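J.: The following file, coords_9.txt, comprises compact mmCIF, C-alpha atoms and all ligand atoms:
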# COMPACT_ATOMS: atom_id res chain seq x y z
CA MET A 1362 -27.60 -11.63 -11.00
CA ALA A 1363 -28.55 -11.38 -7.36
CA ASP A 1364 -25.31 -12.57 -5.79
CA GLU A 1365 -22.99 -10.90 -8.27
CA ILE A 1366 -20.53 -8.63 -6.40
CA LEU A 1367 -18.28 -7.37 -9.20
CA ARG A 1368 -18.75 -6.84 -12.90
CA VAL A 1369 -15.96 -5.48 -15.06
CA GLU A 1370 -17.27 -4.27 -18.41
CA ASP A 1371 -15.09 -3.55 -21.44
CA LEU A 1372 -12.41 -2.07 -19.16
CA SER A 1373 -9.37 -0.28 -20.60
CA VAL A 1374 -6.71 1.21 -18.34
CA SER A 1375 -3.71 3.45 -18.99
CA TYR A 1376 -0.95 5.10 -16.94
CA GLY A 1377 -1.05 8.18 -19.17
CA LYS A 1378 0.18 7.00 -22.56
CA GLY A 1379 -1.48 4.10 -24.37
CA ASN A 1380 -3.56 1.40 -22.73
CA MET A 1381 -1.98 -1.27 -20.57
CA ILE A 1382 -5.12 -3.34 -20.45
CA SER A 1383 -7.98 -3.26 -22.89
CA GLY A 1384 -11.52 -4.59 -23.30
CA VAL A 1385 -11.54 -6.70 -20.13
CA ASN A 1386 -14.89 -8.32 -19.22
CA PHE A 1387 -15.70 -10.65 -16.34
CA THR A 1388 -18.07 -11.11 -13.41
CA VAL A 1389 -17.50 -12.42 -9.91
CA THR A 1390 -20.07 -13.91 -7.56
CA LYS A 1391 -20.05 -13.05 -3.85
CA GLY A 1392 -17.69 -15.28 -1.84
CA GLU A 1393 -15.71 -16.54 -4.84
CA ILE A 1394 -11.94 -16.72 -5.07
CA VAL A 1395 -10.67 -15.83 -8.54
CA CYS A 1396 -7.00 -16.27 -9.51
CA PHE A 1397 -5.36 -14.37 -12.35
CA LEU A 1398 -2.47 -15.98 -14.18
CA GLY A 1399 -0.19 -14.80 -16.99
CA GLU A 1400 3.41 -13.84 -17.62
CA SER A 1401 4.95 -10.69 -16.14
CA GLY A 1402 3.82 -7.48 -17.75
CA CYS A 1403 0.47 -8.86 -18.99
CA GLY A 1404 -1.55 -6.43 -16.86
CA LYS A 1405 -2.62 -8.46 -13.82
CA SER A 1406 -1.50 -5.84 -11.28
CA THR A 1407 -2.93 -3.07 -13.43
CA LEU A 1408 -6.32 -4.79 -13.38
CA LEU A 1409 -6.37 -5.00 -9.57
CA LYS A 1410 -5.08 -1.44 -9.20
CA ALA A 1411 -7.82 -0.14 -11.52
CA ILE A 1412 -10.48 -1.86 -9.41
CA MET A 1413 -9.03 -0.19 -6.27
CA ASN A 1414 -8.55 3.03 -8.28
CA ILE A 1415 -7.11 5.27 -5.54
CA PRO A 1416 -5.10 8.11 -7.15
CA GLU A 1417 -1.74 6.93 -5.70
CA LEU A 1418 -1.92 3.84 -7.92
CA GLU A 1419 -1.80 6.06 -11.03
CA THR A 1420 -4.24 4.02 -13.08
CA VAL A 1421 -6.53 5.93 -15.44
CA ILE A 1422 -9.68 4.18 -16.62
CA THR A 1423 -9.98 5.15 -20.28
CA LYS A 1424 -12.99 3.03 -21.15
CA GLY A 1425 -15.57 0.75 -19.61
CA LYS A 1426 -17.08 0.30 -16.17
CA ILE A 1427 -16.49 -1.40 -12.86
CA ILE A 1428 -19.75 -2.30 -11.15
CA PHE A 1429 -19.25 -3.12 -7.47
CA GLU A 1430 -22.30 -4.23 -5.49
CA GLY A 1431 -24.53 -2.88 -8.23
CA LYS A 1432 -22.94 0.59 -8.33
CA ASP A 1433 -20.75 2.00 -11.08
CA ILE A 1434 -17.68 2.94 -9.02
CA THR A 1435 -15.85 4.30 -12.07
CA SER A 1436 -17.96 7.42 -11.73
CA TYR A 1437 -17.02 7.94 -8.04
CA SER A 1438 -15.08 10.99 -6.85
CA ASP A 1439 -11.65 10.52 -5.19
CA LYS A 1440 -13.33 11.15 -1.84
CA GLU A 1441 -15.90 8.42 -2.41
CA ILE A 1442 -13.18 6.03 -3.62
CA ARG A 1443 -11.09 6.69 -0.52
CA SER A 1444 -13.99 6.06 1.79
CA MET A 1445 -14.39 2.59 0.23
CA ALA A 1446 -10.66 1.77 0.22
CA GLY A 1447 -9.84 -0.68 2.98
CA LYS A 1448 -13.38 -0.83 4.30
CA ASN A 1449 -15.25 -2.19 1.25
CA ILE A 1450 -12.43 -3.01 -1.15
CA GLY A 1451 -9.18 -4.05 0.52
CA MET A 1452 -5.80 -4.64 -1.08
CA VAL A 1453 -2.94 -6.84 0.09
CA LEU A 1454 0.27 -6.10 -1.75
CA GLN A 1455 3.26 -8.23 -2.58
CA HIS A 1456 5.42 -6.80 0.18
CA LEU A 1457 3.08 -6.92 3.09
CA GLY A 1458 5.57 -5.17 5.34
CA GLY A 1459 4.81 -2.09 3.27
CA ALA A 1460 1.30 -2.07 4.71
CA PHE A 1461 2.77 -0.69 7.96
CA ASN A 1462 5.15 2.02 9.04
CA PRO A 1463 8.05 0.02 10.57
CA LEU A 1464 8.54 2.37 13.52
CA ARG A 1465 5.01 2.86 14.83
CA THR A 1466 3.18 0.38 17.04
CA PHE A 1467 0.61 -1.88 15.45
CA GLU A 1468 -1.90 -0.45 17.90
CA ALA A 1469 -1.40 3.10 16.59
CA GLN A 1470 -1.69 1.88 13.02
CA PHE A 1471 -4.78 -0.25 13.63
CA LYS A 1472 -6.45 2.73 15.31
CA GLU A 1473 -5.54 5.04 12.47
CA ALA A 1474 -6.93 2.68 9.83
CA LEU A 1475 -10.18 2.16 11.75
CA TYR A 1476 -10.72 5.80 12.68
CA SER A 1477 -10.20 6.86 9.07
CA HIS A 1478 -13.34 4.82 8.30
CA ASP A 1479 -15.21 6.01 11.41
CA MET A 1480 -14.88 2.57 12.99
CA GLU A 1481 -14.20 1.89 16.69
CA TYR A 1482 -10.99 0.28 17.91
CA ASP A 1483 -11.87 -2.70 20.06
CA PHE A 1484 -9.00 -4.70 21.55
CA GLU A 1485 -11.23 -7.74 22.19
CA LYS A 1486 -11.96 -7.90 18.46
CA VAL A 1487 -8.22 -7.65 17.71
CA LYS A 1488 -7.51 -10.46 20.16
CA GLU A 1489 -10.19 -12.68 18.66
CA THR A 1490 -8.93 -12.06 15.11
CA PHE A 1491 -5.31 -12.69 16.10
CA ALA A 1492 -6.39 -15.99 17.67
CA GLN A 1493 -8.11 -17.04 14.42
CA LEU A 1494 -4.80 -16.47 12.65
CA ASN A 1495 -2.69 -18.32 15.21
CA LEU A 1496 -1.16 -15.16 16.60
CA PRO A 1497 -0.80 -15.73 20.34
CA ASP A 1498 -0.17 -13.01 22.91
CA ALA A 1499 -2.18 -10.22 21.29
CA GLU A 1500 -1.37 -7.85 24.21
CA ARG A 1501 2.33 -7.98 23.39
CA ILE A 1502 2.02 -8.00 19.60
CA ILE A 1503 -0.30 -5.00 19.38
CA LYS A 1504 2.17 -2.90 21.41
CA SER A 1505 5.15 -3.89 19.24
CA ARG A 1506 6.47 -2.34 16.06
CA PRO A 1507 6.87 -3.99 12.64
CA TYR A 1508 10.68 -3.79 12.67
CA GLU A 1509 10.70 -6.12 15.69
CA MET A 1510 8.73 -8.84 13.87
CA SER A 1511 9.45 -11.53 11.29
CA GLY A 1512 7.98 -11.25 7.78
CA GLY A 1513 5.55 -14.13 8.41
CA MET A 1514 4.21 -12.44 11.57
CA ILE A 1515 3.80 -9.06 9.88
CA GLN A 1516 1.94 -10.78 7.09
CA ARG A 1517 -0.52 -12.36 9.48
CA ILE A 1518 -0.96 -9.05 11.30
CA ALA A 1519 -1.69 -7.35 7.95
CA ILE A 1520 -4.27 -10.03 7.20
CA ALA A 1521 -5.76 -9.49 10.69
CA MET A 1522 -6.10 -5.78 9.98
CA THR A 1523 -7.82 -6.59 6.70
CA MET A 1524 -10.22 -8.93 8.52
CA ILE A 1525 -11.08 -6.28 11.11
CA LEU A 1526 -11.79 -3.71 8.42
CA GLY A 1527 -13.88 -6.47 6.82
CA PRO A 1528 -13.90 -5.54 3.13
CA GLU A 1529 -16.45 -7.34 0.96
CA LEU A 1530 -13.84 -7.58 -1.81
CA LEU A 1531 -10.17 -8.29 -1.21
CA LEU A 1532 -7.57 -7.78 -3.94
CA CYS A 1533 -4.33 -9.68 -3.36
CA ASP A 1534 -1.38 -9.03 -5.66
CA GLU A 1535 1.12 -11.85 -5.32
CA PRO A 1536 0.80 -11.75 -1.55
CA THR A 1537 3.09 -14.71 -1.09
CA SER A 1538 5.78 -14.51 -3.73
CA ALA A 1539 8.37 -13.18 -1.25
CA LEU A 1540 7.69 -15.97 1.24
CA ASP A 1541 9.10 -19.46 1.71
CA VAL A 1542 6.89 -22.40 0.78
CA THR A 1543 5.65 -23.17 4.30
CA THR A 1544 4.72 -19.56 5.04
CA GLN A 1545 3.10 -19.33 1.58
CA LYS A 1546 0.89 -22.27 2.40
CA MET A 1547 -0.10 -20.70 5.73
CA ALA A 1548 -0.91 -17.40 4.08
CA MET A 1549 -3.15 -19.13 1.53
CA GLU A 1550 -4.89 -21.01 4.31
CA GLN A 1551 -5.48 -17.70 6.04
CA LEU A 1552 -7.03 -16.23 2.92
CA MET A 1553 -9.30 -19.26 2.70
CA ASN A 1554 -10.13 -18.71 6.38
CA ILE A 1555 -11.12 -15.13 5.69
CA ARG A 1556 -13.46 -16.34 2.96
CA GLU A 1557 -14.94 -18.99 5.26
CA LEU A 1558 -15.42 -16.63 8.17
CA LEU A 1559 -16.57 -13.49 6.38
CA ASN A 1560 -17.67 -14.71 2.93
CA THR A 1561 -15.14 -12.28 1.47
CA THR A 1562 -14.71 -12.28 -2.30
CA ILE A 1563 -11.03 -12.52 -3.23
CA LEU A 1564 -9.20 -11.68 -6.47
CA LEU A 1565 -5.69 -13.07 -6.35
CA VAL A 1566 -2.72 -12.63 -8.66
CA THR A 1567 -0.15 -15.35 -8.32
CA HIS A 1568 2.84 -16.84 -10.09
CA ASN A 1569 2.50 -20.13 -8.27
CA PRO A 1570 0.41 -22.42 -10.48
CA GLY A 1571 -0.39 -24.69 -7.52
CA ILE A 1572 -2.39 -21.97 -5.82
CA PRO A 1573 -5.43 -21.74 -8.13
CA SER A 1574 -5.93 -25.48 -8.12
CA MET A 1575 -5.82 -25.42 -4.32
CA MET A 1576 -8.19 -22.56 -3.65
CA ALA A 1577 -9.74 -20.77 -6.63
CA ASP A 1578 -13.30 -21.13 -7.88
CA LYS A 1579 -12.43 -19.40 -11.14
CA VAL A 1580 -9.28 -18.64 -13.09
CA GLY A 1581 -8.62 -15.73 -15.44
CA VAL A 1582 -5.69 -15.71 -17.86
CA MET A 1583 -4.23 -12.38 -18.96
CA TYR A 1584 -2.11 -11.97 -22.05
CA ALA A 1585 -0.66 -8.65 -23.27
CA GLY A 1586 -3.35 -6.59 -21.55
CA HIS A 1587 -6.30 -8.81 -22.54
CA LEU A 1588 -8.29 -11.32 -20.56
CA VAL A 1589 -8.00 -14.27 -22.95
CA GLU A 1590 -9.65 -17.00 -20.89
CA TYR A 1591 -11.98 -17.06 -17.89
CA GLY A 1592 -13.87 -19.87 -16.26
CA LYS A 1593 -14.23 -22.47 -13.54
CA THR A 1594 -10.83 -23.51 -12.21
CA HIS A 1595 -10.92 -27.17 -13.15
CA GLN A 1596 -12.02 -26.37 -16.69
CA VAL A 1597 -9.37 -23.73 -17.32
CA LEU A 1598 -6.57 -25.76 -15.74
CA HIS A 1599 -7.56 -29.20 -17.03
CA SER A 1600 -9.19 -28.33 -20.34
CA PRO A 1601 -7.54 -25.04 -21.31
CA ALA A 1602 -9.01 -23.60 -24.51
CA HIS A 1603 -6.87 -20.65 -25.61
CA PRO A 1604 -3.51 -21.55 -27.21
CA TYR A 1605 -1.80 -19.21 -24.71
CA THR A 1606 -3.37 -20.91 -21.68
CA LYS A 1607 -2.38 -24.28 -23.13
CA ALA A 1608 1.21 -23.10 -23.53
CA LEU A 1609 1.26 -21.50 -20.08
CA ILE A 1610 0.02 -24.66 -18.41
CA GLY A 1611 2.38 -26.73 -20.57
CA ALA A 1612 5.25 -24.59 -19.22
CA ILE A 1613 4.56 -25.49 -15.59
CA PRO A 1614 7.43 -27.61 -14.32
CA THR A 1615 6.26 -31.06 -13.29
CA PHE A 1616 7.73 -33.51 -10.85
CA ASP A 1617 8.46 -36.18 -13.46
CA PHE A 1618 11.86 -34.67 -14.28
CA LYS A 1619 10.87 -33.80 -17.83
CA LEU A 1620 11.83 -30.33 -18.93
CA PRO A 1621 8.76 -28.13 -19.29
CA LYS A 1622 7.78 -27.16 -22.82
CA GLY A 1623 8.97 -23.56 -22.83
CA LEU A 1624 7.01 -20.69 -24.21
CA GLU A 1625 9.38 -18.91 -26.56
CA GLY A 1626 9.58 -15.14 -26.82
CA GLN A 1627 7.78 -12.55 -24.74
CA PRO A 1628 4.44 -10.77 -24.72
CA PRO A 1629 4.51 -7.54 -26.80
CA LEU A 1630 4.66 -4.33 -24.76
CA ASN A 1631 1.87 -2.54 -26.64
CA GLY A 1632 -0.37 -5.60 -26.89
CA ALA A 1633 -3.37 -3.89 -25.29
CA ASP A 1634 -3.72 -1.47 -28.20
CA MET A 1635 -2.93 -3.96 -30.99
CA GLU A 1636 -5.70 -4.71 -33.43
CA LYS A 1637 -4.36 -8.03 -34.57
CA CYS A 1638 -3.97 -10.84 -32.08
CA ALA A 1639 -1.05 -9.99 -29.75
CA PHE A 1640 -0.27 -13.70 -29.34
CA SER A 1641 -0.06 -14.49 -33.07
CA GLU A 1642 3.76 -14.26 -33.19
CA ARG A 1643 4.05 -16.99 -30.57
CA CYS A 1644 0.91 -18.96 -31.34
CA PRO A 1645 1.57 -22.54 -32.49
CA ILE A 1646 -1.69 -22.60 -34.46
CA CYS A 1647 -0.89 -19.34 -36.29
CA LYS A 1648 2.61 -20.60 -37.04
CA GLU A 1649 1.08 -23.58 -38.80
CA GLY A 1650 -0.96 -21.16 -40.89
CA HIS A 1651 -4.32 -22.14 -39.37
CA CYS A 1652 -5.11 -18.93 -37.50
CA ILE A 1653 -8.53 -19.27 -35.88
CA CYS A 1654 -9.10 -15.91 -34.24
CA GLY A 1655 -9.29 -14.08 -37.57
CA ASN A 1656 -10.53 -10.50 -37.33
CA ASN A 1657 -12.00 -10.87 -33.89
CA PRO A 1658 -9.21 -11.88 -31.52
CA TYR A 1659 -10.48 -10.23 -28.34
CA THR A 1660 -14.11 -11.14 -27.80
CA LEU A 1661 -14.66 -13.79 -25.16
CA LYS A 1662 -16.73 -16.62 -26.60
CA GLU A 1663 -18.32 -19.45 -24.70
CA VAL A 1664 -16.34 -22.69 -24.76
CA CYS A 1665 -18.94 -24.40 -22.59
CA LYS A 1666 -21.02 -23.37 -19.57
CA ASP A 1667 -18.99 -21.17 -17.16
CA HIS A 1668 -15.91 -21.20 -19.41
CA CYS A 1669 -14.99 -18.74 -22.14
CA ALA A 1670 -11.94 -17.82 -24.18
CA THR A 1671 -11.15 -15.27 -26.88
CA CYS A 1672 -9.75 -17.89 -29.26
CA PHE A 1673 -9.99 -21.67 -29.37
CA LYS A 1674 -10.43 -24.54 -31.73
CA ARG A 1675 -13.69 -26.47 -31.57
CA ASP A 1676 -13.09 -30.22 -31.56
N1 LIG B 1701 2.90 2.88 -12.56
C1 LIG B 1701 3.10 2.54 -13.84
N2 LIG B 1701 3.37 3.50 -14.79
C2 LIG B 1701 3.56 3.17 -16.10
N3 LIG B 1701 3.51 1.90 -16.58
C3 LIG B 1701 3.26 0.92 -15.70
C4 LIG B 1701 3.04 1.18 -14.29
N4 LIG B 1701 2.81 0.00 -13.67
C5 LIG B 1701 2.85 -0.96 -14.64
N5 LIG B 1701 3.13 -0.40 -15.84
C6 LIG B 1701 3.22 -1.12 -17.14
O1 LIG B 1701 1.97 -1.78 -17.38
C7 LIG B 1701 2.16 -3.02 -18.02
C8 LIG B 1701 1.44 -4.11 -17.24
O2 LIG B 1701 2.08 -4.25 -15.99
P1 LIG B 1701 1.49 -5.04 -14.74
O3 LIG B 1701 0.05 -4.74 -14.63
O4 LIG B 1701 2.35 -4.71 -13.58
O5 LIG B 1701 1.69 -6.55 -15.21
P2 LIG B 1701 1.72 -7.89 -14.34
O6 LIG B 1701 1.19 -7.59 -12.99
O7 LIG B 1701 0.88 -8.85 -15.12
O8 LIG B 1701 3.15 -8.31 -14.31
C9 LIG B 1701 3.66 -3.23 -18.10
O9 LIG B 1701 4.09 -2.90 -19.40
C10 LIG B 1701 4.22 -2.26 -17.09
O10 LIG B 1701 5.51 -1.81 -17.44
MG MG B 1702 2.16 -7.68 -11.15
I need this file expressed as structure tokens, please.
T.:
Amino acid sequence: MADEILRVEDLSVSYGKGNMISGVNFTVTKGEIVCFLGESGCGKSTLLKAIMNIPELETVITKGKIIFEGKDITSYSDKEIRSMAGKNIGMVLQHLGGAFNPLRTFEAQFKEALYSHDMEYDFEKVKETFAQLNLPDAERIIKSRPYEMSGGMIQRIAIAMTMILGPELLLCDEPTSALDVTTQKMAMEQLMNIRELLNTTILLVTHNPGIPSMMADKVGVMYAGHLVEYGKTHQVLHSPAHPYTKALIGAIPTFDFKLPKGLEGQPPLNGADMEKCAFSERCPICKEGHCICGNNPYTLKEVCKDHCATCFKRD
């Protein structure tokens, strides 16, 4: 497809022993925002780390391919991967403060990041980007050091640096979970701004179920190392197909003071390498003895156009 930017094909990833994610398939169109949901430990961070794939992240791709802008980046050398990191594929981590050394000026750190990709440092560009993110007084900020700043400011400065490096694909791993609700909202608006201004494609992991409905074009649901559902946001959130997605969405607290229907138990730790369905122990349909995934629990099947799931009941 002409405007496809990322294709993940049958991807399995390990940290040395056993796979943590397995058989993941999905595609992303340029300029889309895709949110990944799922309980802790289901492999969302591992998926983003494997796409970034710099050695420090410790992910080992054991199977499958990642095609970025038409090229199979799984065959790239460490040197080639590093030259793309930041410039073509950027990553914003949960603790954004960690993006900077607390004791060195932002100016020194912006220069270092740009020079490492053979890019020029241009203060006018910094000033313009800061203004887009509501950061006044660029002259003062750029000469200050992270330890002098609030978390919300550092976060916006980290986003500014990302914008200046201008990656085509931005991976955000729970970028807002450490922030209060107001700052979270601002950060999400800034990500949407980046997409508007630069047509950046964004993959976002979040625990806040309000976020995908606010900004995502597509939603992916991970369970025990598998991508179990993937599709257009309104379809996945309003007509979830997989029993896990249904339970996950059913567990979202609502404002009507009813207790959410809890999801009992926990995902299995070795789910990625399991042959039988890793959700079967918790699955309400399996418990009733009407298992529908049978011998083929992990192949995504079309529910309807732009919406697929590994297991679902046809009405
Ligand atoms: N650096 C690592 N080394 C070994 N195991 C890891 C590492 N990072 C994550 N894991 C394991 O991989 C599994 C998936 O974790 P993760 O991708 O962080 O899930 P999520 O982001 O969905 O919470 C977990 O069992 C976790 O303990
Ligand atoms: Mg995570």
J.: Identify which of the residues A:Ser1600, A:Val1374, A:Val1566, A:Glu1509 lies closest to Pro1536 in chain A, counting all atoms listed in the file when measuring atom-to-atom distances.
T.: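 Once distances to Pro1536 in chain A are computed over all atoms listed in the file, the minimum belongs to A:Val1566.
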J.: Given all atoms listed in the file, how would the per-residue table for chain A near ligand LIG 1701 (chain B) read, listing every residue at most 8 Å away with its closest atom pair and distance in Å to one decimal, sorted by chain and number, as JSON lines?
T.:
{"residue": "A:Ser1375", "atom": "CA", "partner": "B:LIG1701", "partner_atom": "N3", "distance": 7.8}
{"residue": "A:Tyr1376", "atom": "CA", "partner": "B:LIG1701", "partner_atom": "C2", "distance": 5.0}
{"residue": "A:Gly1377", "atom": "CA", "partner": "B:LIG1701", "partner_atom": "C2", "distance": 7.5}
{"residue": "A:Met1381", "atom": "CA", "partner": "B:LIG1701", "partner_atom": "O1", "distance": 5.1}
{"residue": "A:Ile1382", "atom": "CA", "partner": "B:LIG1701", "partner_atom": "C8", "distance": 7.3}
{"residue": "A:Leu1398", "atom": "CA", "partner": "B:LIG1701", "partner_atom": "O7", "distance": 7.9}
{"residue": "A:Gly1399", "atom": "CA", "partner": "B:LIG1701", "partner_atom": "O7", "distance": 6.3}
{"residue": "A:Glu1400", "atom": "CA", "partner": "B:LIG1701", "partner_atom": "O7", "distance": 6.1}
{"residue": "A:Ser1401", "atom": "CA", "partner": "B:LIG1701", "partner_atom": "O8", "distance": 3.5}
{"residue": "A:Gly1402", "atom": "CA", "partner": "B:LIG1701", "partner_atom": "O5", "distance": 3.4}
{"residue": "A:Cys1403", "atom": "CA", "partner": "B:LIG1701", "partner_atom": "O7", "distance": 3.9}
{"residue": "A:Gly1404", "atom": "CA", "partner": "B:LIG1701", "partner_atom": "O3", "distance": 3.2}
{"residue": "A:Lys1405", "atom": "CA", "partner": "B:LIG1701", "partner_atom": "O7", "distance": 3.8}
{"residue": "A:Ser1406", "atom": "CA", "partner": "B:LIG1701", "partner_atom": "O6", "distance": 3.6}
{"residue": "A:Thr1407", "atom": "CA", "partner": "B:LIG1701", "partner_atom": "O3", "distance": 3.6}
{"residue": "A:Leu1408", "atom": "CA", "partner": "B:LIG1701", "partner_atom": "O3", "distance": 6.5}
{"residue": "A:Leu1418", "atom": "CA", "partner": "B:LIG1701", "partner_atom": "N1", "distance": 6.8}
{"residue": "A:Glu1419", "atom": "CA", "partner": "B:LIG1701", "partner_atom": "N1", "distance": 5.9}
{"residue": "A:Thr1420", "atom": "CA", "partner": "B:LIG1701", "partner_atom": "N1", "distance": 7.2}
{"residue": "A:Asp1534", "atom": "CA", "partner": "B:LIG1701", "partner_atom": "O6", "distance": 7.9}
{"residue": "A:Val1566", "atom": "CA", "partner": "B:LIG1701", "partner_atom": "O6", "distance": 7.7}
{"residue": "A:Met1583", "atom": "CA", "partner": "B:LIG1701", "partner_atom": "O7", "distance": 7.3}
{"residue": "A:Ala1585", "atom": "CA", "partner": "B:LIG1701", "partner_atom": "C8", "distance": 7.8}
{"residue": "A:Gly1586", "atom": "CA", "partner": "B:LIG1701", "partner_atom": "C8", "distance": 6.9}
{"residue": "A:Leu1630", "atom": "CA", "partner": "B:LIG1701", "partner_atom": "O9", "distance": 5.6}
{"residue": "A:Asn1631", "atom": "CA", "partner": "B:LIG1701", "partner_atom": "O9", "distance": 7.6}
J.: Hey, can you pull every residue with an atom no more than 12 Å from (-5.7, -11.6, -21.2), using all atoms listed in the file, and send it as number ranges by chain?
T.: A: 1372-1373, 1381-1387, 1397-1405, 1407-1408, 1580-1591, 1603-1606, 1628, 1632-1633, 1638-1640, 1658-1661, 1669-1672
J.: Report, in Å to a single decimal, how far apart CA of Thr1567 in chain A and CA of Cys1396 in chain A are.
T.: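 That distance, rounded to one decimal, is 7.0 Å.
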J.: Figure out the distance between CA of Val1487 in chain A and CA of Ile1502 in chain A, please, to one decimal in Å.
T.: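 According to the coordinates, CA of Ile1502 in chain A and CA of Val1487 in chain A are separated by 10.4 Å.
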J.: Pick from A:Leu1409, A:Leu1552, A:Ala1521, A:Leu1494: nearest to ligand MG 1702 (chain B), with all atoms listed in the file counted?
T.: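 Of A:Leu1409, A:Leu1552, A:Ala1521, A:Leu1494, the one nearest ligand MG 1702 (chain B) is A:Leu1409, counting all atoms listed in the file.
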J.: My list of candidates is A:Gly1447, A:Gly1379, A:Gly1392, A:Pro1601. Which is closest to Ala1577 in chain A when distances are computed with all atoms listed in the file?
T.: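 Under the stated criterion, the closest residue is A:Gly1392.
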J.: In Å, with one decimal, what is the gap from CA of Pro1528 in chain A to CA of Leu1558 in chain A?
T.: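 If I compute the distance from CA of Pro1528 in chain A to CA of Leu1558 in chain A, I get 12.3 Å.
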J.: Determine, for each residue of range 1568-1657 of chain A having at least one atom at most 12 Å from an atom of range 1542-1550 of chain A, the closest pair of atoms and their separation in Å to one decimal, counting all atoms listed in the file; order by chain and ascending number, as a Markdown table.
T.:
| residue | atom | partner | partner_atom | distance |
| --- | --- | --- | --- | --- |
| A:His1568 | CA | A:Gln1545 | CA | 11.9 |
| A:Asn1569 | CA | A:Gln1545 | CA | 9.9 |
| A:Gly1571 | CA | A:Lys1546 | CA | 10.3 |
| A:Ile1572 | CA | A:Met1549 | CA | 7.9 |
| A:Pro1573 | CA | A:Met1549 | CA | 10.3 |
| A:Ser1574 | CA | A:Met1549 | CA | 11.9 |
| A:Met1575 | CA | A:Met1549 | CA | 9.0 |
| A:Met1576 | CA | A:Met1549 | CA | 8.0 |
| A:Ala1577 | CA | A:Met1549 | CA | 10.6 |
